[in-house]
>>> print(open('final25.cif').read())   # mmCIF, C-alpha atoms
data_data
loop_
_atom_site.label_atom_id
_atom_site.label_comp_id
_atom_site.auth_asym_id
_atom_site.auth_seq_id
_atom_site.Cartn_x
_atom_site.Cartn_y
_atom_site.Cartn_z
CA MET A 273 -7.66 -38.64 -40.89
CA ILE A 274 -6.53 -41.34 -43.32
CA SER A 275 -9.07 -42.44 -45.89
CA LEU A 276 -7.73 -45.52 -47.62
CA THR A 277 -10.22 -46.42 -50.32
CA LEU A 278 -10.94 -50.01 -51.31
CA LYS A 279 -9.53 -49.20 -54.74
CA MET A 280 -6.31 -48.04 -53.12
CA ARG A 281 -6.01 -51.17 -50.96
CA PHE A 282 -6.50 -53.40 -53.98
CA ARG A 283 -3.76 -51.50 -55.82
CA ILE A 284 -1.42 -51.91 -52.83
CA ASN A 285 -2.14 -55.65 -52.53
CA ALA A 286 -1.64 -56.13 -56.26
CA PHE A 287 1.64 -54.27 -56.20
CA ILE A 288 3.22 -56.09 -53.24
CA CYS A 289 2.98 -59.36 -55.13
CA THR A 290 5.58 -58.09 -57.61
CA VAL A 291 8.04 -56.29 -55.33
CA ILE A 292 11.43 -57.73 -54.48
CA SER A 293 12.74 -55.75 -51.52
CA SER A 294 11.35 -53.86 -48.55
CA GLU A 295 12.83 -50.64 -49.98
CA GLU A 296 10.79 -51.08 -53.13
CA MET A 297 7.71 -51.73 -50.97
CA ILE A 298 8.21 -48.44 -49.16
CA CYS A 299 8.58 -46.51 -52.40
CA ALA A 300 5.52 -48.21 -53.90
CA PHE A 301 3.34 -47.57 -50.88
CA LEU A 302 4.33 -43.90 -50.59
CA PHE A 303 3.79 -43.40 -54.32
CA ILE A 304 0.27 -44.82 -54.18
CA MET A 305 -0.53 -42.71 -51.11
CA LYS A 306 0.73 -39.57 -52.82
CA GLU A 307 -1.21 -40.35 -55.98
CA GLU A 308 -4.39 -40.99 -54.03
CA ASN A 309 -3.93 -37.63 -52.24
CA LYS A 310 -6.80 -38.23 -49.84
CA MET A 311 -4.91 -39.08 -46.69
CA GLY A 312 -5.25 -36.13 -44.28
CA LEU A 313 -2.47 -37.73 -42.23
CA ASN A 314 -1.87 -34.57 -40.20
CA ASP A 315 -5.29 -34.62 -38.56
CA MET A 316 -4.95 -35.64 -34.91
CA PRO A 317 -7.70 -37.82 -33.40
CA SER A 318 -9.55 -36.33 -30.43
CA GLY A 319 -8.33 -39.19 -28.24
CA ASP A 320 -4.73 -37.96 -28.70
CA ARG A 321 -5.48 -34.28 -28.06
CA VAL A 322 -5.04 -32.48 -24.74
CA HIS A 323 -8.49 -31.98 -23.17
CA ILE A 324 -8.96 -28.57 -21.51
CA GLY A 325 -12.08 -28.11 -19.39
CA PHE A 326 -13.57 -24.78 -18.24
CA PHE A 327 -15.43 -24.99 -14.94
CA GLY A 328 -17.19 -22.66 -12.53
CA ARG A 329 -20.52 -21.52 -11.15
CA ARG A 330 -23.39 -20.25 -13.31
CA ASN A 331 -22.88 -16.83 -14.86
CA ALA A 332 -19.21 -16.71 -13.89
CA GLY A 333 -18.32 -15.96 -17.52
CA LYS A 334 -17.08 -19.42 -18.54
CA SER A 335 -18.55 -19.33 -22.04
CA SER A 336 -17.30 -15.80 -22.68
CA ILE A 337 -13.77 -16.84 -21.66
CA VAL A 338 -14.00 -19.97 -23.81
CA ASN A 339 -15.00 -17.86 -26.82
CA ALA A 340 -12.17 -15.41 -26.17
CA VAL A 341 -9.54 -18.15 -25.71
CA THR A 342 -10.64 -20.00 -28.87
CA ASN A 343 -11.33 -16.81 -30.81
CA GLN A 344 -14.59 -18.40 -31.92
CA GLU A 345 -18.26 -18.20 -30.99
CA LEU A 346 -17.97 -21.68 -29.58
CA ALA A 347 -20.46 -21.29 -26.74
CA VAL A 348 -23.74 -19.39 -26.40
CA VAL A 349 -23.30 -16.35 -24.15
CA SER A 350 -26.10 -14.77 -22.12
CA ASP A 351 -26.58 -12.83 -18.89
CA THR A 352 -29.11 -15.48 -17.89
CA ALA A 353 -27.62 -17.92 -15.39
CA GLY A 354 -27.54 -21.53 -16.60
CA THR A 355 -27.35 -20.78 -20.34
CA THR A 356 -24.92 -23.67 -20.85
CA THR A 357 -27.02 -26.77 -20.15
CA ASP A 358 -24.72 -29.49 -21.52
CA PRO A 359 -20.95 -29.72 -22.02
CA VAL A 360 -19.90 -28.07 -25.30
CA VAL A 361 -16.98 -29.92 -26.89
CA LYS A 362 -14.80 -28.72 -29.77
CA ALA A 363 -11.58 -30.17 -31.23
CA MET A 364 -9.34 -27.43 -32.58
CA GLU A 365 -5.82 -26.00 -32.61
CA ILE A 366 -4.84 -23.10 -30.36
CA LEU A 367 -1.39 -21.57 -30.16
CA PRO A 368 0.76 -22.13 -28.21
CA MET A 369 -0.99 -25.34 -27.09
CA GLY A 370 -1.42 -27.03 -30.48
CA PRO A 371 -4.18 -29.63 -31.06
CA VAL A 372 -6.64 -29.59 -28.15
CA VAL A 373 -10.21 -30.40 -27.19
CA ILE A 374 -11.99 -27.50 -25.48
CA ILE A 375 -14.86 -28.35 -23.11
CA ASP A 376 -17.25 -25.69 -21.76
CA THR A 377 -19.29 -27.08 -18.86
CA PRO A 378 -22.62 -26.15 -17.19
CA GLY A 379 -22.56 -24.19 -13.94
CA TYR A 380 -21.41 -26.37 -11.08
CA ASP A 381 -23.83 -24.65 -8.68
CA ASP A 382 -26.92 -25.55 -10.73
CA VAL A 383 -29.98 -26.60 -8.71
CA GLY A 384 -33.12 -28.67 -9.08
CA GLU A 385 -33.50 -32.08 -10.72
CA LEU A 386 -32.14 -30.91 -14.07
CA GLY A 387 -29.40 -28.99 -12.29
CA GLU A 388 -28.25 -32.15 -10.52
CA MET A 389 -28.02 -33.92 -13.87
CA ARG A 390 -25.94 -31.06 -15.27
CA VAL A 391 -23.60 -31.14 -12.28
CA ARG A 392 -23.23 -34.90 -12.79
CA ARG A 393 -22.31 -34.27 -16.44
CA THR A 394 -19.72 -31.74 -15.32
CA LYS A 395 -18.18 -34.27 -12.94
CA GLN A 396 -17.99 -36.77 -15.80
CA VAL A 397 -16.05 -34.24 -17.86
CA LEU A 398 -13.38 -34.23 -15.14
CA ASN A 399 -12.60 -37.85 -15.99
CA ARG A 400 -11.23 -36.80 -19.38
CA THR A 401 -9.79 -33.40 -18.45
CA ASP A 402 -6.01 -33.02 -18.78
CA ALA A 403 -5.98 -29.36 -17.67
CA ALA A 404 -8.71 -27.33 -15.96
CA VAL A 405 -9.55 -23.63 -15.96
CA LEU A 406 -11.68 -22.55 -13.01
CA VAL A 407 -13.53 -19.38 -14.02
CA ALA A 408 -14.50 -17.23 -11.02
CA ASP A 409 -15.88 -13.69 -10.90
CA SER A 410 -13.09 -11.29 -9.92
CA SER A 411 -15.46 -9.17 -7.85
CA SER A 412 -15.91 -11.78 -5.11
CA GLU A 413 -13.93 -14.26 -3.07
CA LEU A 414 -13.84 -17.94 -3.99
CA GLY A 415 -16.91 -19.62 -2.52
CA GLU A 416 -17.81 -23.19 -1.60
CA CYS A 417 -18.55 -24.02 -5.25
CA GLU A 418 -15.06 -23.00 -6.38
CA LYS A 419 -13.41 -24.68 -3.40
CA GLU A 420 -15.22 -27.95 -4.13
CA LEU A 421 -14.06 -27.83 -7.76
CA ILE A 422 -10.47 -27.17 -6.66
CA SER A 423 -10.73 -30.15 -4.31
CA LEU A 424 -11.91 -32.31 -7.22
CA PHE A 425 -9.05 -31.08 -9.43
CA GLU A 426 -6.52 -31.93 -6.75
CA SER A 427 -8.01 -35.35 -5.91
CA LYS A 428 -7.90 -36.29 -9.60
CA GLU A 429 -4.43 -34.74 -10.01
CA ILE A 430 -5.61 -32.35 -12.71
CA PRO A 431 -3.40 -29.25 -13.11
CA TYR A 432 -5.53 -26.11 -12.98
CA ILE A 433 -5.60 -22.32 -13.27
CA VAL A 434 -8.04 -19.91 -11.66
CA ALA A 435 -9.18 -17.32 -14.23
CA ARG A 436 -10.69 -14.34 -12.39
CA SER A 437 -13.19 -13.10 -14.97
CA LYS A 438 -14.88 -9.73 -15.62
CA CYS A 439 -11.93 -7.80 -14.25
CA ASP A 440 -12.99 -4.88 -16.48
CA LEU A 441 -15.72 -4.23 -13.89
CA THR A 442 -13.20 -3.70 -11.07
CA GLU A 443 -11.16 -0.52 -10.77
CA THR A 444 -7.83 -2.13 -9.93
CA PRO A 445 -7.57 -5.93 -9.96
CA PRO A 446 -5.57 -7.18 -6.97
CA GLU A 447 -2.31 -9.01 -7.46
CA ALA A 448 -2.90 -12.54 -8.71
CA ALA A 449 -1.58 -15.67 -7.04
CA ASP A 450 0.80 -17.98 -8.94
CA ASN A 451 -2.00 -20.11 -10.35
CA GLU A 452 -4.39 -17.18 -10.91
CA ILE A 453 -4.86 -14.65 -13.68
CA TYR A 454 -7.26 -11.72 -14.01
CA VAL A 455 -8.96 -11.65 -17.40
CA SER A 456 -11.70 -9.88 -19.30
CA ALA A 457 -13.43 -11.39 -22.30
CA LYS A 458 -15.09 -8.05 -23.02
CA ASN A 459 -11.87 -6.19 -23.84
CA ASN A 460 -9.63 -9.25 -24.40
CA PHE A 461 -7.50 -8.37 -21.39
CA ASN A 462 -4.89 -11.04 -20.52
CA ILE A 463 -6.46 -13.61 -22.89
CA ASN A 464 -3.14 -14.33 -24.63
CA GLU A 465 -1.53 -14.60 -21.21
CA LEU A 466 -4.23 -17.08 -20.17
CA ARG A 467 -3.49 -19.22 -23.24
CA GLU A 468 0.21 -19.22 -22.37
CA LYS A 469 -0.53 -20.06 -18.74
CA ILE A 470 -2.68 -23.02 -19.79
CA ALA A 471 0.08 -24.22 -22.12
CA ARG A 472 2.57 -24.16 -19.24
CA ILE A 473 0.47 -26.32 -16.91
CA ILE A 474 -0.33 -28.94 -19.53
CA LYS A 475 1.57 -32.08 -18.77
CA GLN A 476 3.72 -32.72 -21.78
CA SER A 477 3.19 -36.31 -22.85
CA ASP A 478 6.20 -38.41 -23.72
CA ARG A 479 7.11 -37.40 -27.26
CA ASP A 480 8.62 -40.84 -27.83
CA LYS A 481 5.39 -42.63 -26.94
CA ARG A 482 4.53 -44.85 -29.87
CA ILE A 483 1.86 -47.33 -30.87
CA VAL A 484 4.29 -49.73 -32.53
CA GLY A 485 7.29 -47.65 -33.64
CA ASP A 486 9.45 -48.67 -30.68
CA LEU A 487 8.93 -52.37 -31.51
CA ILE A 488 10.27 -52.19 -35.07
CA ASN A 489 13.27 -50.85 -36.96
CA ALA A 490 13.67 -48.77 -40.09
CA GLU A 491 13.09 -50.79 -43.30
CA ASP A 492 11.32 -53.58 -41.40
CA THR A 493 8.21 -54.97 -43.05
CA VAL A 494 5.03 -54.95 -40.96
CA VAL A 495 1.91 -56.70 -42.19
CA LEU A 496 -1.45 -55.16 -41.28
CA VAL A 497 -4.38 -57.56 -41.54
CA THR A 498 -7.62 -55.63 -42.00
CA PRO A 499 -10.76 -57.75 -42.46
CA ILE A 500 -13.52 -56.29 -44.60
CA ASP A 501 -16.99 -57.24 -43.37
CA LEU A 502 -20.39 -55.65 -42.82
CA ALA A 503 -19.13 -53.75 -39.79
CA ALA A 504 -16.10 -52.29 -41.62
CA PRO A 505 -16.58 -48.63 -42.59
CA LYS A 506 -16.99 -48.40 -46.35
CA GLY A 507 -14.10 -46.80 -48.18
CA ARG A 508 -11.80 -46.28 -45.20
CA LEU A 509 -9.87 -47.91 -42.38
CA ILE A 510 -10.88 -47.74 -38.73
CA LEU A 511 -8.92 -45.34 -36.52
CA PRO A 512 -6.51 -47.81 -34.80
CA GLN A 513 -5.50 -49.14 -38.23
CA GLN A 514 -4.92 -45.61 -39.50
CA GLN A 515 -2.85 -44.59 -36.48
CA THR A 516 -0.76 -47.77 -36.57
CA LEU A 517 -0.12 -47.31 -40.28
CA ARG A 518 1.08 -43.75 -39.72
CA ASP A 519 3.37 -44.81 -36.87
CA ILE A 520 4.94 -47.47 -39.07
CA LEU A 521 5.60 -44.93 -41.82
CA ASP A 522 7.04 -42.49 -39.29
CA SER A 523 9.46 -45.26 -38.31
CA ARG A 524 10.60 -45.52 -41.96
CA ALA A 525 9.38 -49.09 -42.03
CA CYS A 526 7.19 -50.70 -44.68
CA ALA A 527 3.50 -51.33 -44.06
CA VAL A 528 1.80 -54.01 -46.14
CA VAL A 529 -2.00 -54.00 -45.92
CA VAL A 530 -3.88 -57.21 -46.66
CA ARG A 531 -7.13 -58.99 -45.81
CA GLU A 532 -6.99 -62.16 -43.73
CA THR A 533 -8.04 -64.21 -46.76
CA GLU A 534 -4.90 -63.18 -48.65
CA LEU A 535 -2.46 -63.28 -45.74
CA LYS A 536 -1.04 -66.76 -46.30
CA THR A 537 -0.41 -66.15 -50.00
CA MET A 538 1.20 -62.79 -49.34
CA LEU A 539 3.51 -64.15 -46.61
CA GLY A 540 4.68 -66.81 -49.06
CA ARG A 541 5.63 -64.18 -51.63
CA LEU A 542 7.67 -61.97 -49.32
CA LYS A 543 11.44 -62.41 -49.79
CA GLU A 544 12.04 -61.75 -46.08
CA LYS A 545 9.79 -62.61 -43.16
CA PRO A 546 8.03 -59.56 -41.65
CA ALA A 547 9.13 -58.14 -38.33
CA LEU A 548 5.55 -58.17 -37.09
CA VAL A 549 2.00 -59.08 -38.11
CA ILE A 550 -0.77 -56.91 -36.66
CA THR A 551 -4.36 -58.03 -37.11
CA ASP A 552 -7.84 -56.96 -36.26
CA SER A 553 -8.63 -59.00 -33.14
CA GLN A 554 -11.72 -60.68 -34.55
CA ALA A 555 -9.53 -62.40 -37.17
CA PHE A 556 -7.07 -63.77 -34.56
CA ALA A 557 -7.94 -67.44 -35.10
CA ALA A 558 -7.40 -67.41 -38.87
CA VAL A 559 -4.39 -65.08 -38.76
CA SER A 560 -2.68 -67.09 -36.02
CA ARG A 561 -3.18 -70.25 -38.05
CA ASP A 562 -1.67 -68.70 -41.19
CA THR A 563 1.22 -66.86 -39.50
CA PRO A 564 4.30 -69.02 -38.77
CA GLU A 565 5.26 -69.23 -35.09
CA ASP A 566 8.59 -67.48 -35.70
CA ILE A 567 6.81 -64.29 -36.83
CA PRO A 568 5.61 -62.07 -33.95
CA LEU A 569 1.85 -61.53 -33.93
CA THR A 570 -0.37 -59.05 -32.10
CA SER A 571 -3.49 -56.95 -32.70
CA PHE A 572 -4.49 -53.32 -33.10
CA SER A 573 -6.60 -53.56 -29.95
CA ILE A 574 -3.71 -54.88 -27.84
CA LEU A 575 -1.44 -52.12 -29.11
CA MET A 576 -4.15 -49.57 -28.26
CA ALA A 577 -4.38 -50.91 -24.70
CA ARG A 578 -0.64 -50.35 -24.46
CA TYR A 579 -0.86 -46.87 -26.01
CA LYS A 580 -3.68 -45.80 -23.68
CA GLY A 581 -1.92 -47.05 -20.56
CA PHE A 582 -3.97 -50.03 -19.36
CA LEU A 583 -2.16 -52.98 -20.97
CA LYS A 584 -0.95 -54.78 -17.82
CA THR A 585 -4.32 -54.51 -16.07
CA ALA A 586 -6.05 -55.80 -19.21
CA ALA A 587 -3.65 -58.75 -19.50
CA GLU A 588 -4.15 -59.69 -15.86
CA GLY A 589 -7.92 -59.33 -16.17
CA ALA A 590 -8.26 -61.82 -19.02
CA ALA A 591 -7.86 -64.81 -16.69
CA ALA A 592 -11.21 -63.90 -15.10
CA ILE A 593 -12.93 -65.22 -18.23
CA SER A 594 -12.19 -68.76 -17.11
CA ARG A 595 -13.70 -68.07 -13.69
CA LEU A 596 -17.06 -66.81 -14.96
CA LYS A 597 -20.17 -68.65 -13.77
CA ASP A 598 -23.65 -69.05 -15.19
CA GLY A 599 -25.67 -65.88 -14.72
CA ASP A 600 -22.69 -63.59 -14.15
CA LYS A 601 -23.02 -60.05 -15.48
CA VAL A 602 -20.43 -58.96 -18.05
CA LEU A 603 -20.09 -55.38 -19.25
CA ILE A 604 -18.87 -54.93 -22.84
CA SER A 605 -17.97 -51.30 -23.37
CA GLU A 606 -16.92 -49.21 -26.36
CA GLY A 607 -15.56 -45.68 -26.42
CA CYS A 608 -17.26 -44.73 -29.67
CA THR A 609 -20.88 -44.74 -30.78
CA HIS A 610 -21.85 -46.49 -33.97
CA HIS A 611 -24.79 -48.25 -35.53
CA ARG A 612 -24.61 -51.87 -34.42
CA GLN A 613 -25.09 -54.30 -37.29
CA CYS A 614 -25.45 -58.06 -37.52
CA GLY A 615 -22.02 -59.49 -36.78
CA ASP A 616 -21.05 -56.54 -34.55
CA ILE A 617 -18.02 -57.51 -32.47
CA GLY A 618 -19.23 -56.07 -29.16
CA SER A 619 -22.86 -57.11 -29.17
CA VAL A 620 -22.65 -60.33 -31.19
CA LYS A 621 -19.19 -61.85 -31.70
CA LEU A 622 -17.75 -61.36 -28.21
CA PRO A 623 -20.82 -62.71 -26.35
CA ALA A 624 -20.88 -65.74 -28.67
CA LEU A 625 -17.17 -66.38 -28.13
CA LEU A 626 -17.56 -66.07 -24.36
CA LYS A 627 -20.38 -68.62 -24.35
CA LYS A 628 -18.47 -71.02 -26.63
CA PHE A 629 -15.24 -70.76 -24.60
CA THR A 630 -16.81 -71.14 -21.15
CA GLY A 631 -19.89 -73.22 -21.96
CA LYS A 632 -21.89 -70.87 -19.73
CA SER A 633 -24.57 -68.24 -20.20
CA PHE A 634 -24.14 -64.66 -19.03
CA GLU A 635 -26.11 -61.47 -18.65
CA ILE A 636 -24.44 -59.12 -21.12
CA SER A 637 -24.66 -55.34 -20.68
CA LEU A 638 -23.46 -52.92 -23.38
CA SER A 639 -22.24 -49.35 -23.08
CA SER A 640 -20.86 -46.99 -25.71
CA GLY A 641 -19.52 -43.48 -26.03
CA ARG A 642 -19.53 -41.51 -22.78
CA ASP A 643 -22.15 -43.81 -21.25
CA PHE A 644 -19.86 -45.73 -18.89
CA PRO A 645 -21.36 -46.86 -15.55
CA GLU A 646 -20.03 -45.16 -12.43
CA GLU A 647 -20.93 -48.23 -10.33
CA LEU A 648 -19.44 -51.54 -11.49
CA SER A 649 -19.70 -53.80 -8.44
CA GLU A 650 -22.56 -55.80 -9.97
CA TYR A 651 -20.32 -57.02 -12.80
CA SER A 652 -17.97 -60.00 -12.80
CA LEU A 653 -15.94 -58.70 -15.74
CA VAL A 654 -15.52 -55.59 -17.91
CA ILE A 655 -14.32 -56.04 -21.50
CA HIS A 656 -13.46 -52.71 -23.11
CA CYS A 657 -12.49 -51.81 -26.66
CA GLY A 658 -9.02 -50.39 -27.37
CA GLY A 659 -10.24 -46.89 -26.52
CA CYS A 660 -8.96 -45.15 -29.65
CA MET A 661 -11.68 -42.47 -29.38
CA LEU A 662 -10.95 -41.77 -25.68
CA ASN A 663 -7.95 -39.99 -24.26
CA GLU A 664 -5.57 -41.76 -21.91
CA ARG A 665 -6.95 -40.05 -18.80
CA GLU A 666 -10.49 -41.33 -19.45
CA MET A 667 -9.29 -44.86 -20.22
CA ARG A 668 -7.28 -44.90 -17.01
CA TYR A 669 -10.34 -43.61 -15.13
CA ARG A 670 -12.49 -46.43 -16.49
CA MET A 671 -9.83 -48.99 -15.62
CA LYS A 672 -9.47 -47.55 -12.09
CA THR A 673 -13.26 -47.55 -11.59
CA ALA A 674 -13.24 -51.29 -12.25
CA VAL A 675 -10.14 -52.01 -10.17
CA ASP A 676 -11.49 -50.00 -7.20
CA SER A 677 -14.69 -52.08 -7.40
CA GLY A 678 -12.71 -55.33 -7.45
CA VAL A 679 -13.89 -56.09 -11.01
CA PRO A 680 -11.43 -57.59 -13.53
CA PHE A 681 -10.88 -55.27 -16.51
CA THR A 682 -9.63 -56.42 -19.91
CA ASN A 683 -10.06 -55.44 -23.55
CA TYR A 684 -11.28 -56.88 -26.83
CA GLY A 685 -7.93 -57.95 -28.27
CA ILE A 686 -6.58 -59.50 -25.11
CA ALA A 687 -9.84 -61.29 -24.33
CA ILE A 688 -10.07 -62.75 -27.85
CA ALA A 689 -6.40 -63.80 -27.78
CA TYR A 690 -6.93 -65.46 -24.39
CA MET A 691 -9.97 -67.40 -25.61
CA ASN A 692 -8.04 -68.51 -28.70
CA GLY A 693 -5.16 -69.76 -26.53
CA ILE A 694 -2.64 -67.33 -28.02
CA LEU A 695 -2.41 -64.55 -25.43
CA GLY A 696 1.21 -65.36 -24.58
CA ARG A 697 2.16 -65.21 -28.23
CA THR A 698 0.37 -61.92 -28.90
CA VAL A 699 1.96 -59.99 -26.01
CA SER A 700 5.39 -61.63 -25.90
CA MET A 701 7.06 -58.78 -27.84
CA LEU A 702 5.74 -56.07 -25.50
CA PRO A 703 8.37 -55.02 -22.93
CA GLU A 704 5.71 -53.93 -20.40
CA LEU A 705 4.53 -57.54 -20.09
CA LYS A 706 7.88 -59.32 -19.97
CA SER A 707 7.59 -60.16 -16.26
CA PHE A 708 3.92 -61.06 -16.73
CA THR A 709 4.56 -63.53 -19.56
CA GLU A 710 7.43 -65.09 -17.65
CA ALA A 711 5.32 -65.57 -14.51
CA GLU A 712 2.04 -66.61 -16.11
CA LYS A 713 1.34 -69.63 -18.27
CA ILE A 714 -0.63 -67.92 -21.02
#
>>> encode(input="final25.cif", output="structure tokens")
Amino acid sequence: MISLTLKMRFRINAFICTVISSEEMICAFLFIMKEENKMGLNDMPSGDRVHIGFFGRRNAGKSSIVNAVTNQELAVVSDTAGTTTDPVVKAMEILPMGPVVIIDTPGYDDVGELGEMRVRRTKQVLNRTDAAVLVADSSSELGECEKELISLFESKEIPYIVARSKCDLTETPPEAADNEIYVSAKNNFNINELREKIARIIKQSDRDKRIVGDLINAEDTVVLVTPIDLAAPKGRLILPQQQTLRDILDSRACAVVVRETELKTMLGRLKEKPALVITDSQAFAAVSRDTPEDIPLTSFSILMARYKGFLKTAAEGAAAISRLKDGDKVLISEGCTHHRQCGDIGSVKLPALLKKFTGKSFEISLSSGRDFPEELSEYSLVIHCGGCMLNEREMRYRMKTAVDSGVPFTNYGIAIAYMNGILGRTVSMLPELKSFTEAEKI
């Protein structure tokens, strides 16, 4: 993960004031990054990794298979049924799959009050699972528990494999079906084959999918506006800023990083106008004022909505802000968990902006991390963050949960742009919204 220190950003900002061409900017930026040598650019965020979930009844051998597949003591193993009481999550790299997130889940046949809670947790894991492994004891036929899980996999369109475990206890394992494999964690039988089988069912994401790279050209200059306030993590950039920066560099374009207070001065010193200005959404008002109309402008949050696959729904949902009434319930949701400080965007700035824009008072509910409500019908609007910490499947699930409940769903960047009267400007360069911007007066 990138760790751009404040010292490094100051050096970059000081240097760009003296450069003449975009080529010199690229060389200067790469030199400073190399000298800093604290980037960790190759680390992949969990939200971009394939999520592989292991499911099954208690004592089916899930944790043993997980440990064998990962070649680590990732999960506690015991003959006692129900040893795994909560999902165990680990980001790692496994050949031939590459960067993945492995999730070991509690037994789906758990009983009692606590058991019901564990089963509910397991069902929640399905909302972020890209590929599933159903672990079933090879000594018995698939029961109602396994059949219900298969039904859930199919209804959620999750590719899956049935791993028939403990085959070392059977004399001659029967012939496996196409989506089955007989394995033994005890003697490592067919574990490599299981890894390869999982790799084959994983839906290969579009390798050309980009955050911003498809909107710019090589040697373009892109300005990244990154406000520094009490909520900004000390000594580093937040994840969407890091990912966008990397995508720009991968495109062989030049990224110029600046605070909103220095934006106007910096734009005046550039010899050529930038191809794009990308800002933190909370600085939209100031950045829009200081960025000439002929320079495209958007935000990290809007680009994240595009990258995670819910851009159009979020753009359509923004209009619901103008229809809110006194007393309506609004859910403001974030995918990550962090200590909320004074000036926090979700709990302070967005509610204040909503009240100022509409002149009405609302009942604001907050959710963070995995704590996203399954029932949304009581809300008049859901405003979600960009979802950088969540994978695309979970973001699409959250969007669909709202849509199925008839609740408008938007995100931070789009909502803030809408309330600042600049939504049309901030999405006009995005091809997915061309028909939307032509049809809507935004």
>>> residues_around(input="final25.cif", residues="A:Glu650", least_positions_apart="4", cutoff="9 Å", atoms="only C-alpha atoms", output="number ranges by chain")
A: 600-602, 679
>>> write_last_selection(input="final25.cif", atoms="C-alpha atoms", output="compact mmCIF listing (two decimals), in the coordinates of the input")
# COMPACT_ATOMS: atom_id res chain seq x y z
CA ASP A 600 -22.69 -63.59 -14.15
CA LYS A 601 -23.02 -60.05 -15.48
CA VAL A 602 -20.43 -58.96 -18.05
CA VAL A 679 -13.89 -56.09 -11.01
>>> closest_residue(input="final25.cif", among="A:Ala687, A:Ile604, A:Ile430, A:Leu626", to="A:Ser553", atoms="only C-alpha atoms")
A:Ala687
>>> resolve_selection(input="final25.cif", expression="the PyMOL selection byres ((chain A and resi 387-400) around 9)", output="ChimeraX atom specification")
/A:323-325,327,354,357-359,375,377-386,401-402,404,424-425,428,430,642,662-670
>>> atom_distance(input="final25.cif", atom1="atom CA of A:Val494", atom2="atom CA of A:Ala527")
5.0 Å
>>> residues_near_point(input="final25.cif", point="(-15.2, -31.8, -25.7)", cutoff="7 Å", atoms="all atoms listed in the file", output="list in words")
Val360, Val361, Lys362, Ala363, Val373, Ile374 and Ile375 of chain A
>>> write_last_selection(input="final25.cif", atoms="C-alpha atoms", output="mmCIF file, in the frame of the given file")
data_model
loop_
_atom_site.group_PDB
_atom_site.id
_atom_site.type_symbol
_atom_site.label_atom_id
_atom_site.label_comp_id
_atom_site.auth_asym_id
_atom_site.auth_seq_id
_atom_site.Cartn_x
_atom_site.Cartn_y
_atom_site.Cartn_z
ATOM 1 C CA VAL A 360 -19.900 -28.070 -25.300
ATOM 2 C CA VAL A 361 -16.980 -29.920 -26.890
ATOM 3 C CA LYS A 362 -14.800 -28.720 -29.770
ATOM 4 C CA ALA A 363 -11.580 -30.170 -31.230
ATOM 5 C CA VAL A 373 -10.210 -30.400 -27.190
ATOM 6 C CA ILE A 374 -11.990 -27.500 -25.480
ATOM 7 C CA ILE A 375 -14.860 -28.350 -23.110
#
>>> resolve_selection(input="final25.cif", expression="the PyMOL selection byres ((chain A and resi 320) around 9)", output="NGL selection string")
:A and (316-319 or 321-323 or 371-372 or 660-664)
